[in-house]
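Enquirer: Input structure: model-v7.pdb, which contains PDB, C-alpha atoms, pLDDT in the B column.
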ATOM      1  CA  MET A   1     -40.421  29.181 -30.230  1.00 42.00           C
ATOM      2  CA  LYS A   2     -42.294  26.039 -29.175  1.00 40.00           C
ATOM      3  CA  ARG A   3     -45.303  28.122 -28.205  1.00 41.00           C
ATOM      4  CA  ILE A   4     -45.328  29.907 -31.565  1.00 38.00           C
ATOM      5  CA  THR A   5     -45.068  26.587 -33.404  1.00 38.00           C
ATOM      6  CA  SER A   6     -47.905  25.153 -31.312  1.00 39.00           C
ATOM      7  CA  LEU A   7     -50.134  28.152 -32.033  1.00 36.00           C
ATOM      8  CA  SER A   8     -49.362  27.882 -35.741  1.00 38.00           C
ATOM      9  CA  CYS A   9     -50.289  24.204 -35.737  1.00 39.00           C
ATOM     10  CA  THR A  10     -53.549  24.951 -33.913  1.00 36.00           C
ATOM     11  CA  ALA A  11     -54.446  27.670 -36.408  1.00 39.00           C
ATOM     12  CA  THR A  12     -53.682  25.306 -39.291  1.00 36.00           C
ATOM     13  CA  ILE A  13     -55.891  22.591 -37.822  1.00 35.00           C
ATOM     14  CA  ILE A  14     -58.782  25.049 -37.357  1.00 38.00           C
ATOM     15  CA  LEU A  15     -58.430  26.276 -40.937  1.00 38.00           C
ATOM     16  CA  LEU A  16     -58.368  22.729 -42.301  1.00 36.00           C
ATOM     17  CA  LEU A  17     -61.464  21.840 -40.326  1.00 36.00           C
ATOM     18  CA  SER A  18     -63.315  24.863 -41.645  1.00 36.00           C
ATOM     19  CA  LEU A  19     -62.235  24.157 -45.207  1.00 36.00           C
ATOM     20  CA  SER A  20     -63.505  20.598 -44.974  1.00 35.00           C
ATOM     21  CA  GLY A  21     -66.862  21.709 -43.580  1.00 36.00           C
ATOM     22  CA  CYS A  22     -66.236  20.307 -40.090  1.00 38.00           C
ATOM     23  CA  ALA A  23     -68.284  17.163 -40.684  1.00 36.00           C
ATOM     24  CA  GLY A  24     -67.870  16.208 -37.037  1.00 47.00           C
ATOM     25  CA  GLY A  25     -69.790  19.262 -35.832  1.00 89.00           C
ATOM     26  CA  LEU A  26     -69.141  22.854 -34.846  1.00 95.00           C
ATOM     27  CA  LEU A  27     -65.800  24.234 -33.718  1.00 95.00           C
ATOM     28  CA  ASP A  28     -67.263  24.959 -30.299  1.00 96.00           C
ATOM     29  CA  SER A  29     -70.720  24.550 -28.777  1.00 95.00           C
ATOM     30  CA  TRP A  30     -72.488  24.464 -25.413  1.00 96.00           C
ATOM     31  CA  GLU A  31     -76.031  23.566 -24.387  1.00 95.00           C
ATOM     32  CA  GLY A  32     -77.806  24.702 -21.243  1.00 93.00           C
ATOM     33  CA  PRO A  33     -79.869  22.320 -19.105  1.00 89.00           C
ATOM     34  CA  GLY A  34     -83.105  23.392 -20.794  1.00 87.00           C
ATOM     35  CA  ALA A  35     -81.928  22.925 -24.378  1.00 93.00           C
ATOM     36  CA  LYS A  36     -83.547  19.527 -24.921  1.00 91.00           C
ATOM     37  CA  VAL A  37     -87.025  20.789 -24.061  1.00 93.00           C
ATOM     38  CA  PHE A  38     -86.781  24.319 -25.456  1.00 95.00           C
ATOM     39  CA  ARG A  39     -89.554  24.790 -28.021  1.00 95.00           C
ATOM     40  CA  PRO A  40     -89.967  28.475 -28.899  1.00 96.00           C
ATOM     41  CA  GLN A  41     -92.624  29.353 -31.459  1.00 96.00           C
ATOM     42  CA  SER A  42     -91.020  32.647 -32.507  1.00 98.00           C
ATOM     43  CA  ILE A  43     -87.472  33.941 -32.873  1.00 98.00           C
ATOM     44  CA  ALA A  44     -85.479  36.975 -34.018  1.00 98.00           C
ATOM     45  CA  ALA A  45     -81.791  37.389 -34.821  1.00 97.00           C
ATOM     46  CA  LEU A  46     -80.601  40.592 -33.153  1.00 97.00           C
ATOM     47  CA  PRO A  47     -78.352  42.958 -35.088  1.00 96.00           C
ATOM     48  CA  PRO A  48     -74.790  41.575 -34.743  1.00 97.00           C
ATOM     49  CA  MET A  49     -72.753  43.039 -31.911  1.00 96.00           C
ATOM     50  CA  ALA A  50     -70.275  45.773 -32.826  1.00 93.00           C
ATOM     51  CA  SER A  51     -66.948  44.514 -34.151  1.00 93.00           C
ATOM     52  CA  GLN A  52     -64.294  45.275 -36.721  1.00 95.00           C
ATOM     53  CA  TYR A  53     -66.595  43.671 -39.297  1.00 96.00           C
ATOM     54  CA  ASP A  54     -69.509  46.102 -38.942  1.00 95.00           C
ATOM     55  CA  ASN A  55     -69.805  46.350 -42.733  1.00 95.00           C
ATOM     56  CA  ALA A  56     -71.105  42.758 -42.722  1.00 97.00           C
ATOM     57  CA  ARG A  57     -73.805  43.192 -40.068  1.00 96.00           C
ATOM     58  CA  GLU A  58     -76.776  43.559 -42.429  1.00 95.00           C
ATOM     59  CA  ASP A  59     -75.697  40.621 -44.600  1.00 97.00           C
ATOM     60  CA  ILE A  60     -75.244  38.349 -41.591  1.00 97.00           C
ATOM     61  CA  GLN A  61     -78.590  39.279 -40.065  1.00 96.00           C
ATOM     62  CA  GLU A  62     -80.299  38.650 -43.402  1.00 96.00           C
ATOM     63  CA  VAL A  63     -78.753  35.247 -44.165  1.00 97.00           C
ATOM     64  CA  LEU A  64     -79.298  34.064 -40.602  1.00 97.00           C
ATOM     65  CA  ALA A  65     -83.015  34.840 -40.793  1.00 96.00           C
ATOM     66  CA  VAL A  66     -83.209  32.946 -44.094  1.00 96.00           C
ATOM     67  CA  SER A  67     -81.451  29.943 -42.541  1.00 97.00           C
ATOM     68  CA  LEU A  68     -83.906  29.920 -39.633  1.00 97.00           C
ATOM     69  CA  VAL A  69     -86.851  29.964 -42.039  1.00 96.00           C
ATOM     70  CA  LYS A  70     -85.339  27.184 -44.177  1.00 95.00           C
ATOM     71  CA  ALA A  71     -84.776  24.998 -41.111  1.00 95.00           C
ATOM     72  CA  GLY A  72     -88.531  25.055 -40.493  1.00 94.00           C
ATOM     73  CA  ARG A  73     -88.270  24.243 -36.804  1.00 93.00           C
ATOM     74  CA  ILE A  74     -89.632  27.496 -35.392  1.00 96.00           C
ATOM     75  CA  GLU A  75     -93.040  28.700 -36.518  1.00 96.00           C
ATOM     76  CA  ARG A  76     -92.337  32.434 -36.844  1.00 97.00           C
ATOM     77  CA  VAL A  77     -89.032  34.083 -37.761  1.00 97.00           C
ATOM     78  CA  VAL A  78     -88.914  37.870 -37.594  1.00 97.00           C
ATOM     79  CA  HIS A  79     -87.181  39.230 -40.678  1.00 94.00           C
ATOM     80  CA  ALA A  80     -84.201  41.577 -40.468  1.00 93.00           C
ATOM     81  CA  GLU A  81     -86.113  44.555 -41.898  1.00 94.00           C
ATOM     82  CA  GLN A  82     -88.803  44.252 -39.220  1.00 96.00           C
ATOM     83  CA  ILE A  83     -86.202  44.118 -36.465  1.00 97.00           C
ATOM     84  CA  THR A  84     -84.465  47.215 -37.823  1.00 95.00           C
ATOM     85  CA  ASP A  85     -87.800  49.061 -37.981  1.00 97.00           C
ATOM     86  CA  ILE A  86     -88.564  48.195 -34.348  1.00 97.00           C
ATOM     87  CA  PHE A  87     -85.240  49.486 -33.050  1.00 97.00           C
ATOM     88  CA  GLN A  88     -85.408  52.616 -35.213  1.00 97.00           C
ATOM     89  CA  SER A  89     -88.960  53.489 -34.180  1.00 98.00           C
ATOM     90  CA  SER A  90     -88.676  52.745 -30.439  1.00 97.00           C
ATOM     91  CA  LYS A  91     -86.011  54.524 -28.383  1.00 98.00           C
ATOM     92  CA  GLU A  92     -86.856  52.322 -25.409  1.00 97.00           C
ATOM     93  CA  ALA A  93     -86.253  49.150 -27.415  1.00 98.00           C
ATOM     94  CA  PHE A  94     -82.988  50.508 -28.829  1.00 98.00           C
ATOM     95  CA  ASP A  95     -81.746  51.606 -25.391  1.00 98.00           C
ATOM     96  CA  THR A  96     -82.586  48.161 -24.037  1.00 98.00           C
ATOM     97  CA  LEU A  97     -80.583  46.551 -26.846  1.00 98.00           C
ATOM     98  CA  VAL A  98     -77.572  48.778 -26.113  1.00 97.00           C
ATOM     99  CA  PHE A  99     -77.818  47.982 -22.375  1.00 98.00           C
ATOM    100  CA  TYR A 100     -78.158  44.257 -23.042  1.00 98.00           C
ATOM    101  CA  PHE A 101     -75.081  44.184 -25.287  1.00 98.00           C
ATOM    102  CA  SER A 102     -73.123  46.270 -22.776  1.00 97.00           C
ATOM    103  CA  ARG A 103     -73.897  43.911 -19.894  1.00 97.00           C
ATOM    104  CA  LEU A 104     -73.129  40.901 -22.060  1.00 97.00           C
ATOM    105  CA  GLU A 105     -69.731  42.372 -22.952  1.00 96.00           C
ATOM    106  CA  MET A 106     -68.913  43.202 -19.335  1.00 97.00           C
ATOM    107  CA  THR A 107     -70.170  40.052 -17.609  1.00 96.00           C
ATOM    108  CA  GLY A 108     -70.473  37.416 -20.323  1.00 95.00           C
ATOM    109  CA  GLN A 109     -73.988  36.761 -19.025  1.00 95.00           C
ATOM    110  CA  SER A 110     -77.434  37.391 -20.467  1.00 97.00           C
ATOM    111  CA  ASP A 111     -79.201  40.094 -18.422  1.00 98.00           C
ATOM    112  CA  ARG A 112     -82.587  38.680 -17.452  1.00 98.00           C
ATOM    113  CA  ASP A 113     -84.650  41.874 -17.314  1.00 98.00           C
ATOM    114  CA  ALA A 114     -83.199  43.334 -20.508  1.00 98.00           C
ATOM    115  CA  ALA A 115     -83.675  40.035 -22.352  1.00 98.00           C
ATOM    116  CA  ILE A 116     -87.326  39.888 -21.353  1.00 98.00           C
ATOM    117  CA  LYS A 117     -87.828  43.505 -22.465  1.00 98.00           C
ATOM    118  CA  LEU A 118     -86.235  42.710 -25.822  1.00 98.00           C
ATOM    119  CA  GLY A 119     -88.486  39.677 -26.211  1.00 98.00           C
ATOM    120  CA  LYS A 120     -91.553  41.808 -25.602  1.00 98.00           C
ATOM    121  CA  ALA A 121     -90.383  44.576 -27.954  1.00 98.00           C
ATOM    122  CA  LEU A 122     -89.779  42.047 -30.735  1.00 98.00           C
ATOM    123  CA  ASN A 123     -92.793  39.896 -29.761  1.00 98.00           C
ATOM    124  CA  VAL A 124     -90.716  36.702 -29.714  1.00 98.00           C
ATOM    125  CA  GLU A 125     -90.046  33.833 -27.336  1.00 98.00           C
ATOM    126  CA  ALA A 126     -86.376  33.561 -28.276  1.00 98.00           C
ATOM    127  CA  PHE A 127     -83.631  35.575 -29.907  1.00 98.00           C
ATOM    128  CA  LEU A 128     -80.136  35.036 -31.228  1.00 98.00           C
ATOM    129  CA  VAL A 129     -77.170  37.170 -30.224  1.00 98.00           C
ATOM    130  CA  VAL A 130     -74.655  37.282 -33.066  1.00 98.00           C
ATOM    131  CA  ARG A 131     -70.956  38.115 -33.069  1.00 98.00           C
ATOM    132  CA  ILE A 132     -68.963  38.242 -36.314  1.00 98.00           C
ATOM    133  CA  ASN A 133     -65.509  36.759 -35.722  1.00 97.00           C
ATOM    134  CA  ALA A 134     -64.287  36.809 -39.318  1.00 97.00           C
ATOM    135  CA  TRP A 135     -65.346  38.330 -42.632  1.00 97.00           C
ATOM    136  CA  GLU A 136     -62.316  38.488 -44.831  1.00 96.00           C
ATOM    137  CA  TYR A 137     -60.191  37.312 -47.705  1.00 95.00           C
ATOM    138  CA  ALA A 138     -56.925  35.782 -46.589  1.00 89.00           C
ATOM    139  CA  GLY A 139     -53.949  34.495 -48.510  1.00 83.00           C
ATOM    140  CA  THR A 140     -51.383  31.849 -47.694  1.00 70.00           C
ATOM    141  CA  VAL A 141     -48.586  30.463 -49.827  1.00 68.00           C
ATOM    142  CA  GLY A 142     -50.269  28.992 -52.914  1.00 70.00           C
ATOM    143  CA  GLU A 143     -53.777  29.379 -51.536  1.00 83.00           C
ATOM    144  CA  ASN A 144     -56.406  32.084 -51.065  1.00 93.00           C
ATOM    145  CA  VAL A 145     -59.590  31.779 -49.032  1.00 94.00           C
ATOM    146  CA  GLY A 146     -62.720  33.754 -48.317  1.00 95.00           C
ATOM    147  CA  ARG A 147     -63.511  33.237 -44.635  1.00 95.00           C
ATOM    148  CA  VAL A 148     -66.528  33.925 -42.423  1.00 98.00           C
ATOM    149  CA  GLY A 149     -66.726  33.130 -38.706  1.00 98.00           C
ATOM    150  CA  LEU A 150     -69.618  33.544 -36.261  1.00 98.00           C
ATOM    151  CA  THR A 151     -70.556  33.041 -32.638  1.00 98.00           C
ATOM    152  CA  LEU A 152     -74.266  32.537 -31.894  1.00 98.00           C
ATOM    153  CA  ARG A 153     -76.029  32.637 -28.534  1.00 98.00           C
ATOM    154  CA  LEU A 154     -79.650  31.444 -28.265  1.00 98.00           C
ATOM    155  CA  VAL A 155     -81.559  33.196 -25.471  1.00 98.00           C
ATOM    156  CA  ASP A 156     -84.947  32.360 -23.973  1.00 98.00           C
ATOM    157  CA  ALA A 157     -86.691  35.726 -24.182  1.00 98.00           C
ATOM    158  CA  THR A 158     -89.202  34.750 -21.496  1.00 97.00           C
ATOM    159  CA  THR A 159     -86.570  34.050 -18.817  1.00 97.00           C
ATOM    160  CA  GLY A 160     -83.364  35.618 -20.105  1.00 97.00           C
ATOM    161  CA  ALA A 161     -81.542  32.282 -19.871  1.00 97.00           C
ATOM    162  CA  THR A 162     -78.891  31.292 -22.401  1.00 97.00           C
ATOM    163  CA  ILE A 163     -80.011  28.011 -23.984  1.00 97.00           C
ATOM    164  CA  TRP A 164     -77.185  27.349 -26.440  1.00 97.00           C
ATOM    165  CA  LYS A 165     -73.922  28.884 -27.639  1.00 97.00           C
ATOM    166  CA  ALA A 166     -71.823  27.935 -30.649  1.00 97.00           C
ATOM    167  CA  ARG A 167     -68.835  29.121 -32.640  1.00 98.00           C
ATOM    168  CA  HIS A 168     -68.013  28.048 -36.164  1.00 98.00           C
ATOM    169  CA  GLU A 169     -66.367  29.281 -39.343  1.00 97.00           C
ATOM    170  CA  LYS A 170     -66.284  28.447 -43.007  1.00 96.00           C
ATOM    171  CA  ALA A 171     -63.643  29.169 -45.644  1.00 94.00           C
ATOM    172  CA  GLU A 172     -63.848  28.778 -49.406  1.00 94.00           C
ATOM    173  CA  ARG A 173     -60.709  28.342 -51.483  1.00 93.00           C
ATOM    174  CA  TYR A 174     -60.183  30.336 -54.650  1.00 91.00           C
ATOM    175  CA  ILE A 175     -57.443  31.104 -57.145  1.00 86.00           C
ATOM    176  CA  PHE A 176     -58.616  34.089 -59.173  1.00 84.00           C
ATOM    177  CA  ASN A 177     -62.298  34.781 -58.545  1.00 90.00           C
ATOM    178  CA  ARG A 178     -63.103  35.751 -54.984  1.00 92.00           C
ATOM    179  CA  PRO A 179     -66.179  34.022 -53.521  1.00 95.00           C
ATOM    180  CA  ASN A 180     -69.023  36.244 -52.373  1.00 97.00           C
ATOM    181  CA  LEU A 181     -68.667  36.348 -48.573  1.00 98.00           C
ATOM    182  CA  LYS A 182     -72.438  36.631 -48.188  1.00 97.00           C
ATOM    183  CA  ASP A 183     -72.770  33.260 -49.941  1.00 97.00           C
ATOM    184  CA  VAL A 184     -70.107  31.772 -47.662  1.00 97.00           C
ATOM    185  CA  ALA A 185     -71.997  33.205 -44.683  1.00 98.00           C
ATOM    186  CA  ALA A 186     -75.265  31.654 -45.872  1.00 98.00           C
ATOM    187  CA  GLU A 187     -73.656  28.207 -45.976  1.00 97.00           C
ATOM    188  CA  LEU A 188     -72.211  28.807 -42.520  1.00 98.00           C
ATOM    189  CA  THR A 189     -75.508  29.871 -40.949  1.00 98.00           C
ATOM    190  CA  ASP A 190     -77.299  26.916 -42.559  1.00 97.00           C
ATOM    191  CA  GLU A 191     -74.752  24.619 -40.903  1.00 96.00           C
ATOM    192  CA  MET A 192     -74.920  26.280 -37.485  1.00 97.00           C
ATOM    193  CA  VAL A 193     -78.723  26.350 -37.366  1.00 96.00           C
ATOM    194  CA  LYS A 194     -78.748  22.558 -37.867  1.00 94.00           C
ATOM    195  CA  TYR A 195     -77.222  22.225 -34.409  1.00 95.00           C
ATOM    196  CA  MET A 196     -79.327  24.899 -32.711  1.00 96.00           C
ATOM    197  CA  PRO A 197     -82.158  23.854 -30.386  1.00 93.00           C
ATOM    198  CA  PRO A 198     -84.856  22.797 -30.924  1.00 88.00           C
ATOM    199  CA  THR A 199     -83.067  19.926 -32.648  1.00 71.00           C
ATOM    200  CA  ALA A 200     -85.459  17.046 -31.930  1.00 42.00           C
ATOM    201  CA  ILE A 201     -87.935  18.271 -34.549  1.00 39.00           C
ATOM    202  CA  GLY A 202     -85.227  18.758 -37.123  1.00 39.00           C
ATOM    203  CA  SER A 203     -83.749  15.298 -36.564  1.00 39.00           C
ATOM    204  CA  ARG A 204     -86.891  13.746 -38.038  1.00 35.00           C
ATOM    205  CA  ARG A 205     -86.440  15.467 -41.377  1.00 35.00           C
TER     206      ARG A 205
END
Using structure tokens, write down the structure that the file contains.

Expert:
Amino acid sequence: MKRITSLSCTATIILLLSLSGCAGGLLDSWEGPGAKVFRPQSIAALPPMASQYDNAREDIQEVLAVSLVKAGRIERVVHAEQITDIFQSSKEAFDTLVFYFSRLEMTGQSDRDAAIKLGKALNVEAFLVVRINAWEYAGTVGENVGRVGLTLRLVDATTGATIWKARHEKAERYIFNRPNLKDVAAELTDEMVKYMPPTAIGSRR
């Protein structure tokens, strides 16, 4: 009973933080030793990894690319449509993506050779691995929310090294009219990209 109560309290705290925008930062984040000096000139957001929220994959990839462009810290952002075209037109690139995701699922580590191949296929110096943790409408007593949660992993496509990882979520309250989850996702990706390396350039804005 104590354990259940503790888990309920933890879940409540997380929800409250997400509802308030988590002014203190992201729910969870990690930076590798090279994060402070990482200055890629090009980046792509990979198609989100398979999950129970596959219906949201295109929306997430689209809003994330927009957030990266708006941040203005990386010179070239490959748009979602271009990435889709590359993986649809090149079996080798698609097979590499499948292998990379498979190894990441099994080991929790970024496979160096596959990451470098993906970087070359996309012609980028960095890419983002995306996992959708939540994309749903949820109801509690007297309150309804539209909730989106993501985990992002920034990978150096020239070395395969993970530079930064973060997890965050955002929820919007509503009574009658459901919020558009794509809009909630756009606010979430804007917030997460603020904390993504390279941050030194962005801190001068």

Enquirer: CA of Val130 (chain A) and CA of Gln82 (chain A), how far apart in Å?

Expert: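 Rounded to one decimal, the two atoms are 16.9 Å apart.
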
Enquirer: Nearest residue to Leu26 (chain A) out of A:Asp156, A:Glu81, A:Asp190, A:Asp113, using all atoms listed in the file?

Expert: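 With all atoms listed in the file as the atom set, the closest residue is A:Asp190.
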
Enquirer: Please write as a PyMOL selection string the full residue list that the PyMOL selection byres ((chain A and resi 99-110) around 12) yields on this file.

Expert: chain A and resi 46-51+92-98+111-119+127-131+153-157+159-165

Enquirer: Name every residue that the PyMOL selection byres ((chain A and resi 146) around 9) selects in this structure, writing the answer as a PyMOL selection string with chains first and numbers rising.

Expert: chain A and resi 135-139+144-145+147-148+170-174+178-181+184

Enquirer: Choose the residue, out of A:Thr189, A:Ser42, A:Thr151, A:Ser89, that has the smallest atom-to-atom separation from Ile74 (chain A); count only C-alpha atoms.

Expert: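 Using only C-alpha atoms, Ile74 (chain A) sits closest to A:Ser42.
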
Enquirer: Got a sec: who's within 8 Å of Lys182 (chain A), counting only C-alpha atoms, leaving out chain neighbours fewer than 2 positions off, as a CSV table (one decimal) with C-alpha atoms, in the coordinates of the input?

Expert:
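Dumped everything to around_0.csv:
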chain,number,residue,atom,x,y,z
A,59,ASP,CA,-75.7,40.6,-44.6
A,60,ILE,CA,-75.2,38.3,-41.6
A,63,VAL,CA,-78.8,35.2,-44.2
A,180,ASN,CA,-69.0,36.2,-52.4
A,184,VAL,CA,-70.1,31.8,-47.7
A,185,ALA,CA,-72.0,33.2,-44.7
A,186,ALA,CA,-75.3,31.7,-45.9

Enquirer: Evaluate the PyMOL selection byres ((chain A and resi 192-197) around 7) here and jot the selected residues down as a PDB file with C-alpha atoms, in the frame of the given file.

Expert:
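Result file is part-v1.pdb:
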ATOM      1  CA  ALA A  35     -81.928  22.925 -24.378  1.00 93.00           C
ATOM      2  CA  PHE A  38     -86.781  24.319 -25.456  1.00 95.00           C
ATOM      3  CA  SER A  67     -81.451  29.943 -42.541  1.00 97.00           C
ATOM      4  CA  LEU A  68     -83.906  29.920 -39.633  1.00 97.00           C
ATOM      5  CA  LEU A 188     -72.211  28.807 -42.520  1.00 98.00           C
ATOM      6  CA  THR A 189     -75.508  29.871 -40.949  1.00 98.00           C
ATOM      7  CA  ASP A 190     -77.299  26.916 -42.559  1.00 97.00           C
ATOM      8  CA  GLU A 191     -74.752  24.619 -40.903  1.00 96.00           C
ATOM      9  CA  PRO A 198     -84.856  22.797 -30.924  1.00 88.00           C
ATOM     10  CA  THR A 199     -83.067  19.926 -32.648  1.00 71.00           C
TER      11      THR A 199
END

Enquirer: Pick from A:Ser29, A:Ile132, A:Gly72, A:Ile43: nearest to Glu58 (chain A), with all atoms listed in the file counted?

Expert: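 The closest residue to Glu58 (chain A) is A:Ile132.
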
Enquirer: Just save region 53-65 of chain A with C-alpha atoms, as a short mmCIF file (atom, residue, chain, number, x, y, z; two decimals), in the first residue's frame.

Expert:
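Result saved to part24.cif:
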data_model
loop_
_atom_site.label_atom_id
_atom_site.label_comp_id
_atom_site.auth_asym_id
_atom_site.auth_seq_id
_atom_site.Cartn_x
_atom_site.Cartn_y
_atom_site.Cartn_z
CA TYR A 53 1.82 6.14 -30.60
CA ASP A 54 2.84 5.48 -34.21
CA ASN A 55 -0.08 7.59 -35.45
CA ALA A 56 1.77 10.66 -34.13
CA ARG A 57 5.14 9.99 -35.80
CA GLU A 58 4.70 12.35 -38.76
CA ASP A 59 3.38 15.19 -36.60
CA ILE A 60 6.25 14.88 -34.14
CA GLN A 61 8.90 14.78 -36.85
CA GLU A 62 7.37 17.85 -38.48
CA VAL A 63 7.06 20.02 -35.35
CA LEU A 64 10.54 19.05 -34.19
CA ALA A 65 12.08 20.20 -37.47
#
